Amino acid sequence: MAIVYKPFTNLLSCDTSGLHLHVLMGPISSLRPVCGHPIMLNKKMITPLIKIHRWLALFLAPVFLLILISGAILAFKPIVQSGSAAALNVPALITSLNKVDPQGQAGMLSVASDGNSFELRSRGAGPNGTFDVVTAAPVQASGFNLFDFALRLHKSLLIGAGGLVEMATYVMVGLVFSGLLMGRPKLRNTVSGWHAGLGWLGLPLVVITPVTGLLMALHLGMPSLPVYESADQPLPIVRTLEIASQQVDLSHLTQARSFRRGAVMLSTGSATHIVSGSGQLTTSTQGPGWVRMLHEGTWAGAWSGLFSLLSALSLIGLLATGVWGWWRRRRQSQVRSAPSADPANSTLVAYASQTGTAAKLAEATVQALRAAGESAMLVSLAALRPDELVGFGRTLLIASTTGEGELPDPAKAFMQKLSATGVQGSRFSLLALGDKRYSEFCGGGLKLRAALLKQGAEEILPVETVDGDVAARWQSWLGKVGKHLGVKNLASQVLTLDQPVRLRLAVRARLDNPQEKDLQPTWHLRFKPVEPNVVFRPGDLLLISPARDVPARCYSIGSSSLAGDGLIDLTVALHSKTNVEGQIVLGLASNYLCQQLEMGGEITAQLRKHPDFNPPSDPCRPIILIATGAGIAPFPGFLSERKSVPNAGPVWLFFGNRKPQGDFYHRDFFEACREQGVLTWLDTAFSREENGGGYIQNRILAQGPELLRWMNENNALIYVCGRSSTLGIAVESALLNVLASHPDVQRESPEEILARWKADGRLKLDLFA
C-alpha cells in the first residue's frame, strides 16, 4: 500500500480504486485545500487560455493601471461632494456665456459645485477656460481639480483615447472571467495564491467595476433616452440653455455638452434634458440608472463610493500580483551565471563532478587564476551549452569518472548536445580524474575529450589523467596551464581536499526486517568523532577503506554537527554479488562496516565536504527529497537541521523500497517528524507489496501538479539520492513526463526546463553506480 502523508487537515480518506491510504494530519496553521482541479476546461484548453490571459494582461497593464487608479480617485467624489450644491444663477450664466462664446463654438460646459464659475471646452478655435458666472471674466484656477483630472484620465487617458479605454474594458471583463475558468483557488501564501484567492474570494468586488463599465459602453441597463428629432448641426449651448430655462428648472445644472444626432444634453441632479437641433426639448427623469450608480458608487448614498473604491483596489491588487508573479517566473528562469564582460580574453573553468572533488578543484583553479590577475569564470557542465565554449579564450575542464567509465550524471546532457554541435574555434585542456584499479581508468574524462576533438575543438595541452594524490597532480597540471598563459606561480597554493577524521563506532542497528525475504540487509551506523569540533553537514561524504590498498567507498552523511548529538550517521547496505563460480561475494567496505567492525572499534576515514548536496542555506526554502533504498542516507540529517530551526520551510519526502514492513528505513524517525510538523509531506512506494504504489516514479507522476507548484511557485529545490541506473533514470523520466503533461507557458520544452533546473542548482543529484 502506498502511504501518502499530507499535513493539512485531520481527515482520513481512502481511494478504493488504487487502495492508496491518505492520512492527512498536521498543524491547522498550514491549512489549505489539498487539491484544486480546473473547472469546466480540460488541460489542453487551459494552457492556451493561460497564455492569452497572461499576455493580454501584460500588454494592457499600463492602460488598466491608469483606468483603475483614476477610478479609485473618482470613488471619493460622491463622498467629498455629498453636500447640496449651491443654486445656479441661470440668467447670469446665459448672459456671460453669450459674451465668452458669441460664435457658439463650445462643445461642453461644466458648472462648478459652488455655482460661481463655469468651464468651457471647445474644439478648434473656440473658447477654453474657466469664467465667472456673473462677470464673464476669466477665473484663475484656485487649484488643481483632482476629480476633473481623474475623470478625463478615466474616460480618455487625457489624450482622447476613449476607444482604447472602451477596448480595454472589454478585455478586462474577459480576463476576469477567463481567470475564473482556469480553476478554483488554492489558498496559499504565494504570489499566485494571492492572485487566485483575490480573484475568487473578492469576486463581487472584482466583477462589479469592469462589468458595469462594459454595460455602460454598450448602453445596457441605462435609462432610455427620450425620443428627439435628429439634426445635422446642434444648436449653440447658450441657445439650448435659453430654450430649456423657459420650460424647466436649471438651477442645479452640472453639465451641458454636444450629444448625438445634432442634440445637446443638459444634466441636472434629478433629470436629463435633450434639446434637439430644431429646439425641441425632451426630458427624462429616470435618473442615471442602476448600472451607472453601481459603477460610480452612488447606489446607496454618498458612502457607497467606498464599495467602488474597494472594487478598484481589488482589481489593482489582481493586476499587481499577476505582473509580479510573471516577473518572478521570468527572473527565476534566467541563467544565474552570466559570462564575463570579455569572454574572448577569459578562461572558462568547467567541471563534471560526482562526489565534489572535481568541483572543488575547479573552484580552486578559478581562485588561482583570479589571484594571478586573470579573468576566469566557473561553471558546471550541467549549466553549459557546447556552443558557449567557442566564445571563451580557452576552457579548462576537470572531469571525474563514475561507474564503468562514465561521466557524472550532471554532464550527460552536455555530452548529448555536444554530439550535434560543432565547437570549431574552441580551445581546451582537460584534467581527468579516475582510479587505475578500474578497467575504464578516467573513462568519463577521456570520452569527453574524444567528443570535443571530434566536434572540432583544439587541445592546447595534453590531457592529464589523475590517480592517487589528486592535489599534487592538480598542482602539476595547473603549473602547465600557467606556463601556457605566461603566468608565474599559478600553482603555488596548497589544496586540501579531504579532512582525516578518527571515528569510534557507537551504534549499529539493523534497518531492515530479517524475517522478510528478498530484502537487502541494511544498517544504521553512528560514529563518534575522537577529536572535538569536527564540522559536517547532511550530504557531506565519508570515505572509508576497510584495508590498505583497498579503494575507499563514499558514504553520505545523514546527520549534522549543527544539530543533534554530534555523531556521524551513515545508512549502509550490505552489498553482495555472485561470482563466476557461483559463490556469493560480499562488498569489502560494506561487510567491514556492517558485520566485521566491532562496537567501539576505531577507524580513520576522510571527511569530504559536498556543498552542492547540503541543505539550502535558507532554512525556510521548500525542499523535495527523493530516494530509494540506502539512498535515503543523507535525508534524516536534512530533517534534523530543519527540526532545530523554528518555523522552518516545508519538506516533502519521496521514498521507495520493496516492502513497507520490511525495508521502510528510518520509518519511526520520519513519522515522528511528520507528527511534529517538520516533515510536511511523505510519499512512499513499495514495489513488492500489492497495491504498494509501484515504484517511486509512479508517485512522482501521481503528484505531478503539486510538485510543479512547489517548483514554479514556491521556488523549491529537489534533491535526488540513489543509484544512477535505476533512480536517476526513473526520476528524470518521471519529471520529463510531468513537465510534458503540464506545458510551460514560457514555451520551454520539458528537456529545457529540466536542464535549467540543473543549471540553476534547483535539481541536485547524488547518484552512485
# chains A, B, ... in the order shown; residues from 1 in each chain; ligands from 1
>>> residues_around(residues="range 213-219 of chain A", least_positions_apart="3", cutoff="9 Å", atoms="only C-alpha atoms", output="PDB file with N, CA, C and O atoms, in the first residue's frame")
ATOM      1  N   GLU A 166     -12.414  51.932 -24.028  1.00  0.00           N
ATOM      2  CA  GLU A 166     -13.547  51.022 -24.223  1.00  0.00           C
ATOM      3  C   GLU A 166     -13.049  49.622 -24.560  1.00  0.00           C
ATOM      4  O   GLU A 166     -13.549  48.623 -24.029  1.00  0.00           O
ATOM      5  N   THR A 169     -11.803  47.906 -21.548  1.00  0.00           N
ATOM      6  CA  THR A 169     -12.908  47.456 -20.703  1.00  0.00           C
ATOM      7  C   THR A 169     -13.381  46.078 -21.131  1.00  0.00           C
ATOM      8  O   THR A 169     -13.613  45.192 -20.295  1.00  0.00           O
ATOM      9  N   TYR A 170     -13.534  45.884 -22.448  1.00  0.00           N
ATOM     10  CA  TYR A 170     -13.912  44.560 -22.959  1.00  0.00           C
ATOM     11  C   TYR A 170     -12.887  43.502 -22.522  1.00  0.00           C
ATOM     12  O   TYR A 170     -13.239  42.410 -22.056  1.00  0.00           O
ATOM     13  N   VAL A 173     -13.000  42.570 -18.726  1.00  0.00           N
ATOM     14  CA  VAL A 173     -14.078  41.633 -18.403  1.00  0.00           C
ATOM     15  C   VAL A 173     -13.686  40.219 -18.827  1.00  0.00           C
ATOM     16  O   VAL A 173     -13.883  39.245 -18.092  1.00  0.00           O
ATOM     17  N   ILE A 208     -17.705  43.831 -10.351  1.00  0.00           N
ATOM     18  CA  ILE A 208     -18.646  44.937 -10.458  1.00  0.00           C
ATOM     19  C   ILE A 208     -18.153  46.066 -11.357  1.00  0.00           C
ATOM     20  O   ILE A 208     -18.886  46.578 -12.210  1.00  0.00           O
ATOM     21  N   THR A 209     -16.899  46.475 -11.202  1.00  0.00           N
ATOM     22  CA  THR A 209     -16.406  47.630 -11.955  1.00  0.00           C
ATOM     23  C   THR A 209     -16.283  47.354 -13.452  1.00  0.00           C
ATOM     24  O   THR A 209     -16.823  48.112 -14.269  1.00  0.00           O
ATOM     25  N   PRO A 210     -15.571  46.292 -13.884  1.00  0.00           N
ATOM     26  CA  PRO A 210     -15.461  46.088 -15.328  1.00  0.00           C
ATOM     27  C   PRO A 210     -16.783  45.738 -16.002  1.00  0.00           C
ATOM     28  O   PRO A 210     -17.042  46.163 -17.127  1.00  0.00           O
ATOM     29  N   MET A 222     -28.982  51.085 -18.833  1.00  0.00           N
ATOM     30  CA  MET A 222     -29.002  52.537 -18.676  1.00  0.00           C
ATOM     31  C   MET A 222     -30.420  53.042 -18.929  1.00  0.00           C
ATOM     32  O   MET A 222     -31.212  52.385 -19.619  1.00  0.00           O
ATOM     33  N   PRO A 223     -30.763  54.214 -18.392  1.00  0.00           N
ATOM     34  CA  PRO A 223     -32.110  54.749 -18.656  1.00  0.00           C
ATOM     35  C   PRO A 223     -32.288  55.030 -20.142  1.00  0.00           C
ATOM     36  O   PRO A 223     -31.359  55.472 -20.828  1.00  0.00           O
ATOM     37  N   SER A 224     -33.497  54.762 -20.625  1.00  0.00           N
ATOM     38  CA  SER A 224     -33.756  55.010 -22.047  1.00  0.00           C
ATOM     39  C   SER A 224     -33.810  56.507 -22.304  1.00  0.00           C
ATOM     40  O   SER A 224     -34.349  57.289 -21.511  1.00  0.00           O
ATOM     41  N   VAL A 291     -26.978  50.802 -13.452  1.00  0.00           N
ATOM     42  CA  VAL A 291     -25.632  50.438 -13.914  1.00  0.00           C
ATOM     43  C   VAL A 291     -24.641  51.557 -13.595  1.00  0.00           C
ATOM     44  O   VAL A 291     -23.562  51.331 -13.028  1.00  0.00           O
ATOM     45  N   ARG A 292     -25.018  52.803 -13.940  1.00  0.00           N
ATOM     46  CA  ARG A 292     -24.127  53.932 -13.664  1.00  0.00           C
ATOM     47  C   ARG A 292     -23.939  54.128 -12.154  1.00  0.00           C
ATOM     48  O   ARG A 292     -22.834  54.426 -11.690  1.00  0.00           O
ATOM     49  N   HIS A 295     -21.540  51.624 -10.921  1.00  0.00           N
ATOM     50  CA  HIS A 295     -20.194  51.921 -11.398  1.00  0.00           C
ATOM     51  C   HIS A 295     -19.582  53.105 -10.642  1.00  0.00           C
ATOM     52  O   HIS A 295     -18.394  53.087 -10.305  1.00  0.00           O
TER      53      HIS A 295
END
>>> atom_distance(atom1="CA of Ala630 in chain A", atom2="CA of Asp512 in chain A")
10.7 Å
>>> residues_around(residues="Val238 in chain A", least_positions_apart="3", cutoff="7 Å", atoms="only C-alpha atoms", output="list of chain:residue names")
A:Ile94, A:Leu97, A:Asn98, A:Leu241, A:Glu242
>>> residues_around(residues="Ile557 in chain A", least_positions_apart="6", cutoff="7 Å", atoms="only C-alpha atoms", output="PyMOL selection string")
chain A and resi 538-542+568-570+633-634
>>> select_by_dssp(residues="range 461-618 of chain A", states="alpha helix (DSSP H)", output="short mmCIF file (atom, residue, chain, number, x, y, z; two decimals) with C-alpha atoms, in the first residue's frame")
data_model
loop_
_atom_site.label_atom_id
_atom_site.label_comp_id
_atom_site.auth_asym_id
_atom_site.auth_seq_id
_atom_site.Cartn_x
_atom_site.Cartn_y
_atom_site.Cartn_z
CA VAL A 470 44.86 14.28 -6.59
CA ALA A 471 46.04 17.58 -5.08
CA ALA A 472 49.64 17.11 -6.24
CA ARG A 473 48.65 16.14 -9.77
CA TRP A 474 46.24 19.09 -9.96
CA GLN A 475 49.06 21.46 -8.98
CA SER A 476 51.29 19.96 -11.66
CA TRP A 477 48.60 20.44 -14.32
CA LEU A 478 47.88 23.96 -13.11
CA GLY A 479 51.58 24.80 -13.41
CA LYS A 480 51.50 23.76 -17.07
CA VAL A 481 48.42 25.91 -17.59
CA GLY A 482 50.27 28.84 -16.03
CA LYS A 483 53.22 28.44 -18.39
CA HIS A 484 50.86 28.32 -21.35
CA LEU A 485 49.21 31.56 -20.17
CA LEU A 588 34.62 -5.29 1.22
CA ALA A 589 33.72 -1.92 2.72
CA SER A 590 30.06 -2.63 3.48
CA ASN A 591 30.82 -6.03 5.01
#
>>> closest_atom_pairs(of="range 594-627 of chain A", to="range 521-535 of chain A", cutoff="10 Å", atoms="only C-alpha atoms", output="JSON lines")
{"residue": "A:Cys594", "atom": "CA", "partner": "A:Trp523", "partner_atom": "CA", "distance": 6.4}
{"residue": "A:Gln595", "atom": "CA", "partner": "A:Trp523", "partner_atom": "CA", "distance": 9.5}
{"residue": "A:Met599", "atom": "CA", "partner": "A:Phe527", "partner_atom": "CA", "distance": 9.9}
{"residue": "A:Gly600", "atom": "CA", "partner": "A:Phe527", "partner_atom": "CA", "distance": 9.0}
{"residue": "A:Gly601", "atom": "CA", "partner": "A:Phe527", "partner_atom": "CA", "distance": 9.6}
{"residue": "A:Glu602", "atom": "CA", "partner": "A:Val530", "partner_atom": "CA", "distance": 8.7}
{"residue": "A:Ile603", "atom": "CA", "partner": "A:Phe527", "partner_atom": "CA", "distance": 9.4}
{"residue": "A:Thr604", "atom": "CA", "partner": "A:Pro529", "partner_atom": "CA", "distance": 9.8}
{"residue": "A:Leu607", "atom": "CA", "partner": "A:Val535", "partner_atom": "CA", "distance": 9.3}
{"residue": "A:Lys609", "atom": "CA", "partner": "A:Val535", "partner_atom": "CA", "distance": 9.4}
>>> residues_around(residues="Leu763 in chain A", least_positions_apart="4", cutoff="8 Å", atoms="only C-alpha atoms", output="ChimeraX atom specification")
/A:717-720,754,757-758
>>> closest_residue(among="A:Leu369, A:Val323, A:Leu203, A:Lys99", to="Phe59 in chain A", atoms="only C-alpha atoms")
A:Val323
>>> residues_around(residues="Glu440 in chain A", least_positions_apart="4", cutoff="10 Å", atoms="only C-alpha atoms", output="list in words")
Thr401, Thr402, Gly403, Glu404, Gly405, Glu406, Gly434, Asp435, Lys436, Gly444 and Leu446 of chain A
>>> residues_around(residues="range 250-262 of chain A", least_positions_apart="3", cutoff="8 Å", atoms="only C-alpha atoms", output="VMD selection string")
chain A and resid 85 to 90 107 to 113 230 to 235 237 244 to 245 265 to 269 276 to 277
>>> write_last_selection(atoms="C-alpha atoms", output="PDB file, in the first residue's frame")
ATOM      1  CA  ALA A  85     -24.810  72.175  -4.417  1.00  0.00           C
ATOM      2  CA  ALA A  86     -25.410  75.937  -4.484  1.00  0.00           C
ATOM      3  CA  ALA A  87     -28.193  77.198  -6.758  1.00  0.00           C
ATOM      4  CA  LEU A  88     -27.012  78.484 -10.124  1.00  0.00           C
ATOM      5  CA  ASN A  89     -27.889  81.979 -11.379  1.00  0.00           C
ATOM      6  CA  VAL A  90     -29.116  80.761 -14.783  1.00  0.00           C
ATOM      7  CA  GLY A 107     -18.713  71.752 -27.091  1.00  0.00           C
ATOM      8  CA  MET A 108     -19.037  71.290 -23.349  1.00  0.00           C
ATOM      9  CA  LEU A 109     -19.903  73.418 -20.347  1.00  0.00           C
ATOM     10  CA  SER A 110     -19.281  72.345 -16.737  1.00  0.00           C
ATOM     11  CA  VAL A 111     -20.615  74.271 -13.742  1.00  0.00           C
ATOM     12  CA  ALA A 112     -18.594  74.400 -10.503  1.00  0.00           C
ATOM     13  CA  SER A 113     -20.251  72.909  -7.432  1.00  0.00           C
ATOM     14  CA  SER A 230     -32.249  64.465 -35.485  1.00  0.00           C
ATOM     15  CA  ALA A 231     -30.397  67.422 -36.948  1.00  0.00           C
ATOM     16  CA  ASP A 232     -27.233  67.966 -38.957  1.00  0.00           C
ATOM     17  CA  GLN A 233     -25.805  70.532 -36.525  1.00  0.00           C
ATOM     18  CA  PRO A 234     -26.500  71.118 -32.810  1.00  0.00           C
ATOM     19  CA  LEU A 235     -27.634  74.455 -31.519  1.00  0.00           C
ATOM     20  CA  ILE A 237     -25.062  75.586 -25.902  1.00  0.00           C
ATOM     21  CA  ALA A 244     -34.661  74.911 -21.578  1.00  0.00           C
ATOM     22  CA  SER A 245     -34.676  77.627 -18.880  1.00  0.00           C
ATOM     23  CA  MET A 265     -27.609  67.116 -23.396  1.00  0.00           C
ATOM     24  CA  LEU A 266     -28.211  69.077 -20.190  1.00  0.00           C
ATOM     25  CA  SER A 267     -27.578  67.256 -16.906  1.00  0.00           C
ATOM     26  CA  THR A 268     -29.064  68.295 -13.564  1.00  0.00           C
ATOM     27  CA  GLY A 269     -29.133  66.455 -10.298  1.00  0.00           C
ATOM     28  CA  SER A 276     -32.631  68.835 -30.452  1.00  0.00           C
ATOM     29  CA  GLY A 277     -31.152  70.824 -33.321  1.00  0.00           C
TER      30      GLY A 277
END
>>> closest_residue(among="A:Leu164, A:Leu313, A:Ile544, A:Leu653", to="Pro62 in chain A", atoms="only C-alpha atoms")
A:Leu164
>>> closest_residue(among="A:Arg123, A:Arg621, A:Lys577, A:His195", to="Gly160 in chain A", atoms="only C-alpha atoms")
A:Arg123
